[in-house]
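Asks: Can you keep this structure in mind? I'll have questions shortly.
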Amino acid sequence: MNKTDIRRLVVILSGFFLFSGCFRESAPQQFYTLNSILHGTVAEKRPVRIVVALGPVLIPDIVDKPQILVRTGENQIQLSERNRWAGSLKEDITRVLTENLNLLLENEGVRAMTDEIAINPSFRISVVVNRFDGRPGESVLLNAVWTISDQGAKNEFFVGTSIIRELTVASDFKSLVAAHSRAL
């Protein structure tokens with residue numbers, strides 16, 4: 001082999017290795033969903049005395065993304081392209097809050113429903129989520145303001161703020177999402 005042939009071979013092999021990197025299979029995406037506090041349990045049917053409508057639930061645009069939000073610094077976030085919510089985070093939060101209210105208030109004759117399906121509710125609960133993020137291996141922070149008002153949402157009975165920090169048990173996304181669920 002002469003020098004020209006060696007150069008051609010080096011160029012061809014270099015191009016092959018660079019080009020083959022474009023076709024490498026990337027790690028598969030992982031999809032996650034939130035769970036209620038007692039997911040999978042069947043509640044005993046009680047007579048319904050009070051219907052509560054949950055909604056609207058508002059979350060910041062930066063949080064309402066398919067990618068799971070990771071806080072990397074006090075003023076810095078990262079969206080994980082590989083770890084994503086299985087559906088709409090806003091709808092998942094609304095579902096879990098509704099399920100949790102039903103589980104916690106079942107012995108009081110209270111039935112919580114989403115705002116869209118509640119007919120003639122006695123009370124309305126609206127929620128504004130200000131922060132819902134975390135760091136794998138550390139914790140998740142939920143900061144939300146919620147209001148309980150009458151049926152027409154004209155008279156507020158109570159306004160509260162919840163700031164909840166849940167520790168993660170491991171440094172993976174499965175643990176991070178479980179901490180998100182517990183915070184709700």
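Naming works like this for the structure tokens: A, B, ... for the chains as they're shown, residue 1 at the start of each chain, ligands 1 onward in shown order.
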Quick one: everything within 10 Å of Asn100 (chain A), counting only C-alpha atoms, minus sequence neighbours fewer than 2 positions away in the same chain. Send it as a PyMOL selection string.
Replies: chain A and resi 35-39+94-98+102-106+112+184
Asks: Produce a file of the selected residues containing N, CA and C atoms, as a compact mmCIF listing (two decimals), in the first residue's frame.
Replies:
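Here's the written file selection_36.txt:
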```
# COMPACT_ATOMS: atom_id res chain seq x y z
N ASN A 35 -49.47 8.88 40.85
CA ASN A 35 -50.42 7.98 41.51
C ASN A 35 -51.01 8.65 42.73
N SER A 36 -52.25 8.27 43.05
CA SER A 36 -52.88 8.79 44.26
C SER A 36 -52.25 8.14 45.48
N ILE A 37 -52.63 8.62 46.66
CA ILE A 37 -52.00 8.15 47.90
C ILE A 37 -52.24 6.68 48.17
N LEU A 38 -53.37 6.19 47.76
CA LEU A 38 -53.68 4.77 47.97
C LEU A 38 -54.11 4.14 46.65
N HIS A 39 -53.28 4.29 45.61
CA HIS A 39 -53.66 3.77 44.30
C HIS A 39 -53.90 2.27 44.37
N THR A 94 -54.64 16.96 38.25
CA THR A 94 -56.07 17.08 38.57
C THR A 94 -56.65 15.73 38.97
N ARG A 95 -56.31 14.68 38.23
CA ARG A 95 -56.81 13.33 38.53
C ARG A 95 -56.35 12.88 39.91
N VAL A 96 -55.07 13.05 40.20
CA VAL A 96 -54.53 12.58 41.49
C VAL A 96 -55.12 13.38 42.65
N LEU A 97 -55.24 14.69 42.50
CA LEU A 97 -55.85 15.49 43.57
C LEU A 97 -57.30 15.07 43.80
N THR A 98 -58.04 14.80 42.73
CA THR A 98 -59.43 14.34 42.86
C THR A 98 -59.49 12.99 43.57
N ASN A 102 -61.10 12.19 47.34
CA ASN A 102 -62.11 11.14 47.54
C ASN A 102 -61.67 10.13 48.59
N LEU A 103 -60.41 9.75 48.57
CA LEU A 103 -59.91 8.79 49.55
C LEU A 103 -59.87 9.38 50.95
N LEU A 104 -59.49 10.65 51.06
CA LEU A 104 -59.37 11.28 52.37
C LEU A 104 -60.72 11.68 52.97
N LEU A 105 -61.71 11.95 52.12
CA LEU A 105 -63.00 12.45 52.60
C LEU A 105 -64.16 11.47 52.46
N GLU A 106 -63.86 10.23 52.10
CA GLU A 106 -64.94 9.27 51.85
C GLU A 106 -65.82 9.03 53.07
N ALA A 112 -65.54 14.14 45.49
CA ALA A 112 -64.85 15.12 44.65
C ALA A 112 -64.92 14.67 43.21
N LEU A 184 -48.35 15.51 46.14
CA LEU A 184 -49.75 15.84 45.82
C LEU A 184 -50.69 15.26 46.86
```
Asks: Mind checking which residues fall within 7 Å of Val177 (chain A), counting only C-alpha atoms, ignoring those fewer than 4 positions away in the same chain, and posting them as JSON, numbers by chain?
Replies: {"A": [34, 173, 181]}
Asks: Can you check which residues of region 50-180 of chain A DSSP gives as strand (DSSP E) on the backbone and send them as a PyMOL selection string?
Replies: chain A and resi 50-58+67-73+76-85+110-114+123-134+139-150+156-167
Asks: Give me the residues of region 14-131 of chain A that have any atom at most 10 Å from an atom of region 149-168 of chain A; for each, the nearest atom pair and the distance in Å, rounded to one decimal. Use only C-alpha atoms, sort by chain and number, and format it as CSV.
Replies:
```
residue,atom,partner,partner_atom,distance
A:Val51,CA,A:Gln151,CA,9.7
A:Val52,CA,A:Gln151,CA,8.6
A:Ala53,CA,A:Gln151,CA,8.3
A:Ile119,CA,A:Gln151,CA,9.9
A:Asn120,CA,A:Gln151,CA,7.1
A:Pro121,CA,A:Gln151,CA,5.7
A:Ser122,CA,A:Gln151,CA,5.4
A:Phe123,CA,A:Asp150,CA,4.7
A:Arg124,CA,A:Ser149,CA,5.2
A:Ile125,CA,A:Ser149,CA,6.5
A:Ser126,CA,A:Ser149,CA,8.3
A:Val127,CA,A:Thr161,CA,9.6
A:Val128,CA,A:Thr161,CA,9.5
A:Val129,CA,A:Ser162,CA,9.4
A:Asn130,CA,A:Ile163,CA,9.7
A:Arg131,CA,A:Ile163,CA,9.1
```
Asks: Write out as a list in words all residues of region 38-111 of chain A that backbone DSSP assigns to alpha helix (DSSP H).
Replies: Leu89, Lys90, Glu91, Asp92, Ile93, Thr94, Arg95, Val96, Leu97, Thr98, Glu99, Asn100, Leu101, Asn102, Leu103, Leu104 and Leu105 of chain A
Asks: Would you mind telling me which residue in A:Arg46, A:Asn107, A:Ala183, A:Gly134 lies nearest to Ile68 (chain A) when using only C-alpha atoms?
Replies: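 Nearest to Ile68 (chain A): A:Gly134.
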Asks: Need to verify the contact set: Phe31 (chain A), 12 Å, only C-alpha atoms, exclusion of same-chain residues closer than 6 positions in sequence. Can you return it as a tab-separated table (two decimals) with N, CA, C and O atoms, in the first residue's frame?
Replies:
```
chain	number	residue	atom	x	y	z
A	66	PRO	N	-44.06	17.78	28.23
A	66	PRO	CA	-43.96	16.32	28.23
A	66	PRO	C	-42.73	15.83	29.01
A	66	PRO	O	-42.75	14.77	29.63
A	67	GLN	N	-41.66	16.63	28.99
A	67	GLN	CA	-40.43	16.24	29.67
A	67	GLN	C	-40.56	16.51	31.18
A	67	GLN	O	-41.18	17.48	31.59
A	68	ILE	N	-39.92	15.67	31.97
A	68	ILE	CA	-39.91	15.88	33.42
A	68	ILE	C	-38.90	16.98	33.72
A	68	ILE	O	-37.77	16.98	33.23
A	80	SER	N	-35.79	16.87	30.97
A	80	SER	CA	-35.23	15.58	30.61
A	80	SER	C	-35.90	15.06	29.34
A	80	SER	O	-37.09	14.75	29.35
A	81	GLU	N	-35.15	14.95	28.27
A	81	GLU	CA	-35.71	14.45	27.01
A	81	GLU	C	-36.00	12.95	27.09
A	81	GLU	O	-36.88	12.46	26.40
A	82	ARG	N	-35.29	12.25	27.92
A	82	ARG	CA	-35.43	10.80	28.01
A	82	ARG	C	-36.54	10.39	28.97
A	82	ARG	O	-37.16	9.35	28.82
A	83	ASN	N	-36.81	11.20	29.99
A	83	ASN	CA	-37.81	10.89	31.02
A	83	ASN	C	-38.97	11.85	30.87
A	83	ASN	O	-38.81	13.06	31.05
A	84	ARG	N	-40.14	11.29	30.55
A	84	ARG	CA	-41.29	12.11	30.19
A	84	ARG	C	-42.55	11.68	30.93
A	84	ARG	O	-42.65	10.55	31.39
A	85	TRP	N	-43.48	12.61	30.98
A	85	TRP	CA	-44.80	12.29	31.52
A	85	TRP	C	-45.57	11.51	30.46
A	85	TRP	O	-45.47	11.79	29.28
A	86	ALA	N	-46.34	10.54	30.89
A	86	ALA	CA	-47.08	9.68	29.96
A	86	ALA	C	-48.23	10.42	29.28
A	86	ALA	O	-48.67	10.04	28.21
A	87	GLY	N	-48.72	11.48	29.89
A	87	GLY	CA	-49.80	12.27	29.31
A	87	GLY	C	-49.66	13.71	29.74
A	87	GLY	O	-48.56	14.15	30.08
A	88	SER	N	-50.76	14.40	29.79
A	88	SER	CA	-50.75	15.80	30.22
A	88	SER	C	-50.51	15.87	31.73
A	88	SER	O	-51.26	15.27	32.51
A	89	LEU	N	-49.49	16.59	32.14
A	89	LEU	CA	-49.19	16.72	33.56
A	89	LEU	C	-50.33	17.42	34.29
A	89	LEU	O	-50.71	17.03	35.39
A	173	PHE	N	-35.34	8.44	38.23
A	173	PHE	CA	-36.57	9.16	37.92
A	173	PHE	C	-37.80	8.46	38.50
A	173	PHE	O	-38.79	9.12	38.81
A	174	LYS	N	-37.75	7.17	38.65
A	174	LYS	CA	-38.87	6.44	39.27
A	174	LYS	C	-39.09	6.97	40.69
A	174	LYS	O	-40.23	7.23	41.09
A	177	VAL	N	-40.50	10.65	40.53
A	177	VAL	CA	-41.93	10.72	40.24
A	177	VAL	C	-42.76	10.23	41.43
A	177	VAL	O	-43.81	10.80	41.74
```
Asks: Return the single residue from A:Val48, A:Ala178, A:Val70, A:Leu54 that is closest to Glu116 (chain A), with distances computed using only C-alpha atoms.
Replies: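 The answer is A:Leu54, which sits nearest to Glu116 (chain A).
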